[in-house]
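Asks: Supplied structure: start-v5.cif, mmCIF, C-alpha atoms.
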```
data_start
loop_
_atom_site.group_PDB
_atom_site.id
_atom_site.type_symbol
_atom_site.label_atom_id
_atom_site.label_comp_id
_atom_site.auth_asym_id
_atom_site.auth_seq_id
_atom_site.Cartn_x
_atom_site.Cartn_y
_atom_site.Cartn_z
ATOM 1 C CA MET A 1 -0.030 74.621 59.200
ATOM 2 C CA ASP A 2 0.635 78.262 60.116
ATOM 3 C CA ILE A 3 1.119 77.666 63.833
ATOM 4 C CA ALA A 4 1.369 81.377 64.677
ATOM 5 C CA ALA A 5 -1.966 82.129 63.010
ATOM 6 C CA TYR A 6 -3.541 79.042 64.583
ATOM 7 C CA LEU A 7 -2.423 80.045 68.085
ATOM 8 C CA ALA A 8 -3.526 83.648 67.589
ATOM 9 C CA ALA A 9 -7.001 82.593 66.448
ATOM 10 C CA ARG A 10 -7.447 80.107 69.289
ATOM 11 C CA THR A 11 -6.135 82.570 71.857
ATOM 12 C CA LYS A 12 -8.710 85.096 70.702
ATOM 13 C CA LEU A 13 -11.501 82.540 71.154
ATOM 14 C CA VAL A 14 -10.292 81.636 74.653
ATOM 15 C CA ASP A 15 -9.919 85.290 75.654
ATOM 16 C CA ARG A 16 -13.466 86.054 74.540
ATOM 17 C CA ALA A 17 -14.788 83.182 76.614
ATOM 18 C CA LEU A 18 -12.737 84.187 79.673
ATOM 19 C CA GLU A 19 -14.112 87.700 79.287
ATOM 20 C CA ARG A 20 -17.611 86.250 79.598
ATOM 21 C CA TYR A 21 -16.846 83.893 82.472
ATOM 22 C CA LEU A 22 -14.909 86.217 84.798
ATOM 23 C CA PRO A 23 -16.635 88.936 86.844
ATOM 24 C CA LYS A 24 -16.201 92.430 85.401
ATOM 25 C CA GLU A 25 -13.832 94.873 87.084
ATOM 26 C CA SER A 26 -16.829 96.953 88.124
ATOM 27 C CA VAL A 27 -18.266 94.131 90.260
ATOM 28 C CA LYS A 28 -17.732 94.632 93.995
ATOM 29 C CA PRO A 29 -15.263 94.227 95.529
ATOM 30 C CA VAL A 30 -13.559 95.791 92.532
ATOM 31 C CA THR A 31 -9.986 95.259 93.770
ATOM 32 C CA ILE A 32 -10.131 91.465 93.613
ATOM 33 C CA HIS A 33 -11.756 91.432 90.191
ATOM 34 C CA LYS A 34 -9.185 93.882 88.851
ATOM 35 C CA ALA A 35 -6.412 91.670 90.221
ATOM 36 C CA MET A 36 -7.910 88.497 88.730
ATOM 37 C CA ARG A 37 -8.240 90.122 85.322
ATOM 38 C CA TYR A 38 -4.800 91.726 85.531
ATOM 39 C CA SER A 39 -3.149 88.313 85.596
ATOM 40 C CA ILE A 40 -5.563 86.429 83.331
ATOM 41 C CA PHE A 41 -5.349 89.027 80.562
ATOM 42 C CA ALA A 42 -1.613 89.673 80.854
ATOM 43 C CA GLY A 43 -0.876 88.143 77.443
ATOM 44 C CA GLY A 44 -0.240 84.506 78.274
ATOM 45 C CA LYS A 45 0.345 81.994 75.469
ATOM 46 C CA ARG A 46 -2.855 80.044 76.324
ATOM 47 C CA LEU A 47 -1.092 76.772 75.496
ATOM 48 C CA ARG A 48 -3.123 74.658 77.895
ATOM 49 C CA PRO A 49 -6.554 75.796 76.693
ATOM 50 C CA VAL A 50 -5.400 75.558 73.076
ATOM 51 C CA LEU A 51 -4.384 71.965 73.733
ATOM 52 C CA THR A 52 -7.794 71.352 75.318
ATOM 53 C CA LEU A 53 -9.543 72.553 72.177
ATOM 54 C CA ALA A 54 -7.235 70.630 69.837
ATOM 55 C CA SER A 55 -7.731 67.449 71.845
ATOM 56 C CA ALA A 56 -11.495 67.811 71.628
ATOM 57 C CA GLU A 57 -11.354 68.224 67.867
ATOM 58 C CA ALA A 58 -9.039 65.225 67.488
ATOM 59 C CA CYS A 59 -11.761 63.157 69.163
ATOM 60 C CA GLY A 60 -14.481 64.520 66.878
ATOM 61 C CA GLY A 61 -15.750 67.171 69.298
ATOM 62 C CA LYS A 62 -16.353 70.887 68.918
ATOM 63 C CA VAL A 63 -14.534 73.933 70.232
ATOM 64 C CA ASP A 64 -17.660 75.391 71.843
ATOM 65 C CA THR A 65 -18.276 72.221 73.854
ATOM 66 C CA ALA A 66 -14.686 72.174 75.129
ATOM 67 C CA MET A 67 -14.466 75.888 75.937
ATOM 68 C CA ALA A 68 -15.565 75.678 79.593
ATOM 69 C CA ALA A 69 -12.800 73.159 80.278
ATOM 70 C CA ALA A 70 -10.293 75.263 78.337
ATOM 71 C CA CYS A 71 -11.073 78.364 80.401
ATOM 72 C CA ALA A 72 -11.055 76.416 83.651
ATOM 73 C CA VAL A 73 -7.537 75.084 83.088
ATOM 74 C CA GLU A 74 -6.282 78.566 82.190
ATOM 75 C CA CYS A 75 -7.693 79.906 85.476
ATOM 76 C CA ILE A 76 -5.927 77.129 87.394
ATOM 77 C CA HIS A 77 -2.680 77.788 85.532
ATOM 78 C CA THR A 78 -2.822 81.544 86.181
ATOM 79 C CA TYR A 79 -3.621 81.062 89.866
ATOM 80 C CA SER A 80 -0.558 78.830 90.162
ATOM 81 C CA LEU A 81 1.645 81.493 88.545
ATOM 82 C CA ILE A 82 0.388 84.210 90.897
ATOM 83 C CA HIS A 83 1.193 82.052 93.906
ATOM 84 C CA ASP A 84 4.524 80.837 92.478
ATOM 85 C CA ASP A 85 5.671 84.447 92.116
ATOM 86 C CA LEU A 86 4.953 85.408 95.738
ATOM 87 C CA PRO A 87 7.898 86.357 97.983
ATOM 88 C CA CYS A 88 7.302 83.234 100.076
ATOM 89 C CA MET A 89 7.659 81.064 96.949
ATOM 90 C CA ASP A 90 9.849 82.056 93.966
ATOM 91 C CA ASP A 91 9.821 85.791 94.825
ATOM 92 C CA ASP A 92 9.595 87.061 91.252
ATOM 93 C CA ASP A 93 8.842 90.574 90.031
ATOM 94 C CA LEU A 94 8.073 89.857 86.359
ATOM 95 C CA ARG A 95 5.489 87.606 84.717
ATOM 96 C CA ARG A 96 4.155 87.643 81.150
ATOM 97 C CA GLY A 97 6.173 90.783 80.502
ATOM 98 C CA ARG A 98 4.657 92.900 83.267
ATOM 99 C CA PRO A 99 5.038 93.313 87.053
ATOM 100 C CA THR A 100 3.725 90.342 89.011
ATOM 101 C CA SER A 101 0.420 90.524 90.850
ATOM 102 C CA HIS A 102 1.883 91.115 94.299
ATOM 103 C CA LYS A 103 4.039 93.980 92.997
ATOM 104 C CA VAL A 104 0.903 95.745 91.717
ATOM 105 C CA PHE A 105 -1.765 94.811 94.266
ATOM 106 C CA GLY A 106 0.234 93.737 97.327
ATOM 107 C CA GLU A 107 0.792 90.259 98.695
ATOM 108 C CA GLY A 108 -2.573 89.898 100.405
ATOM 109 C CA VAL A 109 -4.647 90.691 97.333
ATOM 110 C CA ALA A 110 -2.348 88.575 95.143
ATOM 111 C CA VAL A 111 -2.958 85.547 97.372
ATOM 112 C CA LEU A 112 -6.692 86.170 97.231
ATOM 113 C CA ALA A 113 -6.644 86.714 93.456
ATOM 114 C CA GLY A 114 -5.016 83.310 93.079
ATOM 115 C CA ASP A 115 -7.574 81.790 95.438
ATOM 116 C CA ALA A 116 -10.405 83.383 93.465
ATOM 117 C CA LEU A 117 -9.116 82.090 90.122
ATOM 118 C CA LEU A 118 -8.731 78.610 91.577
ATOM 119 C CA THR A 119 -12.319 78.757 92.806
ATOM 120 C CA VAL A 120 -13.853 80.233 89.659
ATOM 121 C CA ALA A 121 -12.175 77.510 87.598
ATOM 122 C CA PHE A 122 -14.527 74.950 89.116
ATOM 123 C CA GLU A 123 -17.492 77.290 88.790
ATOM 124 C CA ILE A 124 -16.723 77.488 85.069
ATOM 125 C CA LEU A 125 -16.148 73.756 84.652
ATOM 126 C CA ALA A 126 -19.445 73.034 86.425
ATOM 127 C CA LYS A 127 -21.090 74.601 83.352
ATOM 128 C CA ALA A 128 -19.523 71.990 81.056
ATOM 129 C CA SER A 129 -21.943 69.677 79.277
ATOM 130 C CA PRO A 130 -21.839 66.030 80.377
ATOM 131 C CA THR A 131 -21.241 63.350 77.769
ATOM 132 C CA LYS A 132 -22.282 59.734 77.682
ATOM 133 C CA ARG A 133 -18.961 58.523 79.095
ATOM 134 C CA TYR A 134 -17.963 61.518 81.211
ATOM 135 C CA GLY A 135 -20.403 63.373 83.420
ATOM 136 C CA THR A 136 -19.756 66.869 84.744
ATOM 137 C CA ALA A 137 -18.630 65.407 88.081
ATOM 138 C CA ALA A 138 -16.000 63.290 86.306
ATOM 139 C CA GLN A 139 -14.649 66.362 84.525
ATOM 140 C CA ILE A 140 -14.508 68.364 87.760
ATOM 141 C CA SER A 141 -12.768 65.460 89.495
ATOM 142 C CA GLU A 142 -10.199 65.304 86.682
ATOM 143 C CA LEU A 143 -9.181 68.915 87.176
ATOM 144 C CA ALA A 144 -9.292 68.799 90.972
ATOM 145 C CA HIS A 145 -7.040 65.732 91.043
ATOM 146 C CA ALA A 146 -4.441 67.330 88.741
ATOM 147 C CA ALA A 147 -4.451 70.595 90.714
ATOM 148 C CA GLY A 148 -4.292 69.038 94.170
ATOM 149 C CA SER A 149 -1.736 67.850 96.688
ATOM 150 C CA ARG A 150 -0.691 64.783 94.705
ATOM 151 C CA TRP A 151 0.200 66.709 91.555
ATOM 152 C CA LEU A 152 0.335 70.495 90.976
ATOM 153 C CA VAL A 153 0.499 71.562 94.632
ATOM 154 C CA GLY A 154 2.622 68.553 95.522
ATOM 155 C CA GLY A 155 5.066 69.439 92.770
ATOM 156 C CA GLN A 156 5.433 72.945 94.138
ATOM 157 C CA VAL A 157 6.135 71.536 97.607
ATOM 158 C CA ALA A 158 8.803 69.222 96.200
ATOM 159 C CA ASP A 159 10.242 72.143 94.242
ATOM 160 C CA LEU A 160 10.514 74.274 97.383
ATOM 161 C CA GLU A 161 12.081 71.456 99.357
ATOM 162 C CA GLY A 162 14.570 70.823 96.566
ATOM 163 C CA GLU A 163 16.031 74.337 96.497
ATOM 164 C CA GLY A 164 19.706 74.369 97.411
ATOM 165 C CA ARG A 165 19.922 70.551 97.315
ATOM 166 C CA LYS A 166 21.548 68.362 94.702
ATOM 167 C CA LEU A 167 18.648 66.373 93.276
ATOM 168 C CA SER A 168 18.786 63.160 91.326
ATOM 169 C CA GLY A 169 17.328 62.915 87.851
ATOM 170 C CA ALA A 170 14.428 60.894 89.248
ATOM 171 C CA GLU A 171 13.657 63.559 91.872
ATOM 172 C CA LEU A 172 13.714 66.301 89.262
ATOM 173 C CA GLN A 173 11.454 64.318 86.933
ATOM 174 C CA TYR A 174 8.999 63.829 89.802
ATOM 175 C CA ILE A 175 8.817 67.611 90.289
ATOM 176 C CA HIS A 176 8.307 68.195 86.570
ATOM 177 C CA ARG A 177 5.641 65.487 86.274
ATOM 178 C CA CYS A 178 3.712 66.990 89.177
ATOM 179 C CA LYS A 179 4.247 70.702 88.698
ATOM 180 C CA THR A 180 4.010 70.937 84.918
ATOM 181 C CA ALA A 181 3.005 67.745 83.131
ATOM 182 C CA ALA A 182 -0.002 66.896 85.316
ATOM 183 C CA LEU A 183 -2.029 70.032 84.541
ATOM 184 C CA LEU A 184 -1.023 69.987 80.894
ATOM 185 C CA THR A 185 -2.141 66.344 80.648
ATOM 186 C CA ALA A 186 -5.407 67.152 82.419
ATOM 187 C CA SER A 187 -5.999 69.977 79.921
ATOM 188 C CA ILE A 188 -5.719 67.489 77.067
ATOM 189 C CA ARG A 189 -7.786 64.827 78.803
ATOM 190 C CA LEU A 190 -10.558 67.325 79.563
ATOM 191 C CA GLY A 191 -10.760 68.235 75.903
ATOM 192 C CA ALA A 192 -11.105 64.560 75.062
ATOM 193 C CA MET A 193 -13.734 64.062 77.755
ATOM 194 C CA SER A 194 -15.778 66.965 76.395
ATOM 195 C CA ALA A 195 -15.865 65.076 73.073
ATOM 196 C CA ASN A 196 -16.930 61.759 74.650
ATOM 197 C CA ALA A 197 -13.579 60.156 73.772
ATOM 198 C CA THR A 198 -13.241 56.398 73.673
ATOM 199 C CA ASP A 199 -11.008 54.622 76.185
ATOM 200 C CA ALA A 200 -8.363 54.146 73.471
ATOM 201 C CA GLN A 201 -8.433 57.829 72.549
ATOM 202 C CA LEU A 202 -8.193 58.972 76.158
ATOM 203 C CA LYS A 203 -5.308 56.584 76.844
ATOM 204 C CA ALA A 204 -3.426 57.829 73.780
ATOM 205 C CA LEU A 205 -3.942 61.460 74.743
ATOM 206 C CA THR A 206 -2.801 60.778 78.295
ATOM 207 C CA THR A 207 0.490 59.451 76.944
ATOM 208 C CA PHE A 208 0.710 62.415 74.597
ATOM 209 C CA GLY A 209 0.150 64.873 77.437
ATOM 210 C CA GLN A 210 2.685 63.291 79.754
ATOM 211 C CA SER A 211 5.346 63.262 77.026
ATOM 212 C CA VAL A 212 4.666 66.810 75.854
ATOM 213 C CA GLY A 213 4.436 68.049 79.446
ATOM 214 C CA LEU A 214 7.902 66.807 80.344
ATOM 215 C CA ALA A 215 9.368 68.071 77.072
ATOM 216 C CA PHE A 216 7.765 71.465 77.744
ATOM 217 C CA GLN A 217 9.447 71.740 81.143
ATOM 218 C CA ILE A 218 12.847 70.665 79.817
ATOM 219 C CA ILE A 219 12.631 73.416 77.183
ATOM 220 C CA ASP A 220 11.574 75.845 79.931
ATOM 221 C CA ASP A 221 14.711 74.915 81.877
ATOM 222 C CA ILE A 222 16.852 75.475 78.793
ATOM 223 C CA LEU A 223 15.249 78.826 77.979
ATOM 224 C CA ASP A 224 15.835 80.053 81.530
ATOM 225 C CA VAL A 225 19.551 79.767 80.767
ATOM 226 C CA THR A 226 19.655 80.825 77.115
ATOM 227 C CA GLN A 227 17.087 83.633 76.782
ATOM 228 C CA SER A 228 16.703 87.145 78.165
ATOM 229 C CA SER A 229 14.003 88.333 80.556
ATOM 230 C CA GLU A 230 12.598 90.499 77.764
ATOM 231 C CA LYS A 231 12.202 87.488 75.486
ATOM 232 C CA LEU A 232 10.734 85.222 78.151
ATOM 233 C CA GLY A 233 8.435 87.777 79.753
ATOM 234 C CA LYS A 234 9.718 86.598 83.146
ATOM 235 C CA THR A 235 13.002 86.815 85.015
ATOM 236 C CA ALA A 236 15.675 84.824 83.202
ATOM 237 C CA GLY A 237 18.327 82.967 85.185
ATOM 238 C CA LYS A 238 15.961 82.535 88.125
ATOM 239 C CA ASP A 239 16.615 78.793 88.447
ATOM 240 C CA VAL A 240 20.355 79.349 88.842
ATOM 241 C CA SER A 241 19.985 82.203 91.319
ATOM 242 C CA SER A 242 17.483 80.160 93.369
ATOM 243 C CA GLN A 243 19.785 77.125 93.288
ATOM 244 C CA LYS A 244 17.111 74.983 91.687
ATOM 245 C CA ALA A 245 17.925 71.723 89.989
ATOM 246 C CA THR A 246 17.146 71.754 86.265
ATOM 247 C CA TYR A 247 17.670 69.376 83.362
ATOM 248 C CA PRO A 248 20.669 71.375 82.047
ATOM 249 C CA SER A 249 22.253 71.515 85.513
ATOM 250 C CA ILE A 250 21.972 67.733 85.944
ATOM 251 C CA TYR A 251 22.378 66.420 82.393
ATOM 252 C CA GLY A 252 23.943 69.286 80.447
ATOM 253 C CA MET A 253 22.453 71.259 77.590
ATOM 254 C CA GLU A 254 22.876 68.757 74.753
ATOM 255 C CA LYS A 255 21.462 65.778 76.658
ATOM 256 C CA SER A 256 18.545 67.948 77.773
ATOM 257 C CA ARG A 257 17.746 68.911 74.184
ATOM 258 C CA LYS A 258 18.050 65.277 73.121
ATOM 259 C CA GLU A 259 15.604 64.191 75.827
ATOM 260 C CA ALA A 260 13.103 66.880 74.795
ATOM 261 C CA ARG A 261 13.318 65.622 71.208
ATOM 262 C CA ARG A 262 12.856 62.013 72.364
ATOM 263 C CA LEU A 263 9.772 62.915 74.378
ATOM 264 C CA THR A 264 8.296 64.866 71.459
ATOM 265 C CA ALA A 265 8.822 61.869 69.176
ATOM 266 C CA ALA A 266 7.038 59.689 71.749
ATOM 267 C CA ALA A 267 4.184 62.196 71.801
ATOM 268 C CA HIS A 268 3.902 61.932 68.015
ATOM 269 C CA ARG A 269 3.795 58.130 68.143
ATOM 270 C CA SER A 270 0.992 58.184 70.696
ATOM 271 C CA LEU A 271 -1.276 59.975 68.222
ATOM 272 C CA GLY A 272 -1.352 57.139 65.690
ATOM 273 C CA VAL A 273 -4.911 56.224 66.654
ATOM 274 C CA PHE A 274 -6.126 59.634 65.398
ATOM 275 C CA GLY A 275 -4.677 59.577 61.897
ATOM 276 C CA GLY A 276 -5.109 62.926 60.182
ATOM 277 C CA LYS A 277 -7.264 64.260 63.022
ATOM 278 C CA GLY A 278 -4.147 64.447 65.193
ATOM 279 C CA ALA A 279 -2.395 66.912 62.885
ATOM 280 C CA ASP A 280 -3.037 69.964 65.066
ATOM 281 C CA LEU A 281 -1.741 68.196 68.159
ATOM 282 C CA ARG A 282 1.385 67.091 66.284
ATOM 283 C CA ALA A 283 2.015 70.664 65.160
ATOM 284 C CA LEU A 284 1.550 71.932 68.709
ATOM 285 C CA ALA A 285 4.032 69.375 70.056
ATOM 286 C CA ASP A 286 6.596 70.531 67.497
ATOM 287 C CA PHE A 287 5.928 74.164 68.378
ATOM 288 C CA LEU A 288 6.495 73.499 72.078
ATOM 289 C CA LEU A 289 9.809 71.801 71.277
ATOM 290 C CA ALA A 290 11.047 74.631 69.042
ATOM 291 C CA ARG A 291 9.713 77.608 71.029
ATOM 292 C CA GLU A 292 12.018 80.413 72.109
ATOM 293 C CA TYR A 293 9.910 81.850 74.956
#
```
Let me see whether you can do it: turn the structure in this file into structure tokens.
Replies:
Amino acid sequence: MDIAAYLAARTKLVDRALERYLPKESVKPVTIHKAMRYSIFAGGKRLRPVLTLASAEACGGKVDTAMAAACAVECIHTYSLIHDDLPCMDDDDLRRGRPTSHKVFGEGVAVLAGDALLTVAFEILAKASPTKRYGTAAQISELAHAAGSRWLVGGQVADLEGEGRKLSGAELQYIHRCKTAALLTASIRLGAMSANATDAQLKALTTFGQSVGLAFQIIDDILDVTQSSEKLGKTAGKDVSSQKATYPSIYGMEKSRKEARRLTAAAHRSLGVFGGKGADLRALADFLLAREY
């Protein structure tokens, strides 16, 4: 599998759909729509929506049927980045290789752009087709639960409260499960739901998502130390300067890499129920482990 070509093709499909779903820049008030599009179309990797589409196909579904869910999760992800970068949060000036939203539009509009993307995500997902096992309400509930106070938002709270403190491995894993793995897992589950997945398929993909999600964040922690800002498209060394606990700071670099490999192997094992149909997901898991940005 040519993973670079695969990701480029899928990203193009997702971008076309987002172009259709989001209000044009010319729609009043133009400032908010410019700000929403500035961050959405800033060149993100689209990993979550790509995983949504791959999950749907693994369950025998189609890309078109999963596209609303794919775009919804990307809107949620981008909103979270806009808010994470605010001065009251991580106070970052660079995201996806360009100035962050609040540096371009000001803090007020950046907050509102994040709010608008969060809101439009559910407007988009409401257009998803129900399946026999999973109605539209169930799909909306899936995303809302992952993005709410128990998971994504809760993880950000725990992350803020952990700054400057020496965290245990269990506390750090809790933050990573909430802040990163929960939305990534929901992305995969939504793809499966769009394809009317069986209980066994959904269970397997949940395990896959949780394993890949944690591995993804461990690699993110490693890259923050080993890569440049130019390579990452965001400020490198931010975790150290913010006194945040990371896998390398608690376990060291080699143990962190070993744990990421262990989690990726667990993700592979969880896909046994899919046979050859899980090939794309396996390749994506390997890509996330080996990525350099």
Asks: Please provide the set of residues having any atom within 8 Å of Val153 of chain A, restricted to only C-alpha atoms, with same-chain residues fewer than 5 positions apart removed, written as a VMD selection string.
Replies: chain A and resid 147 to 148 178 to 179
Asks: For the file shown, report as a PyMOL selection string the outcome of the PyMOL selection byres ((chain A and resi 248) around 12) at residue level.
Replies: chain A and resi 169+172+217-226+239-240+244-247+249-260
Asks: Between A:Ala138, A:Ile76, A:Ala56, A:Leu284, single out the one closest to Ser39 of chain A, counting only C-alpha atoms.
Replies: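 Of all the options, A:Ile76 lies closest to Ser39 of chain A.
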Asks: Name the closest residue to Asp91 of chain A among the candidates A:Ala8, A:Val30, A:Pro23, A:Leu160; distances are taken between atoms, counting all atoms listed in the file.
Replies: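 Smallest separation from Asp91 of chain A among the options: A:Leu160.
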Asks: Which residues, named as in the file, does the PyMOL selection byres ((chain A and resi 42) around 9) pick out? Answer as a ChimeraX atom specification.
Replies: /A:37-41,43-44,95-98
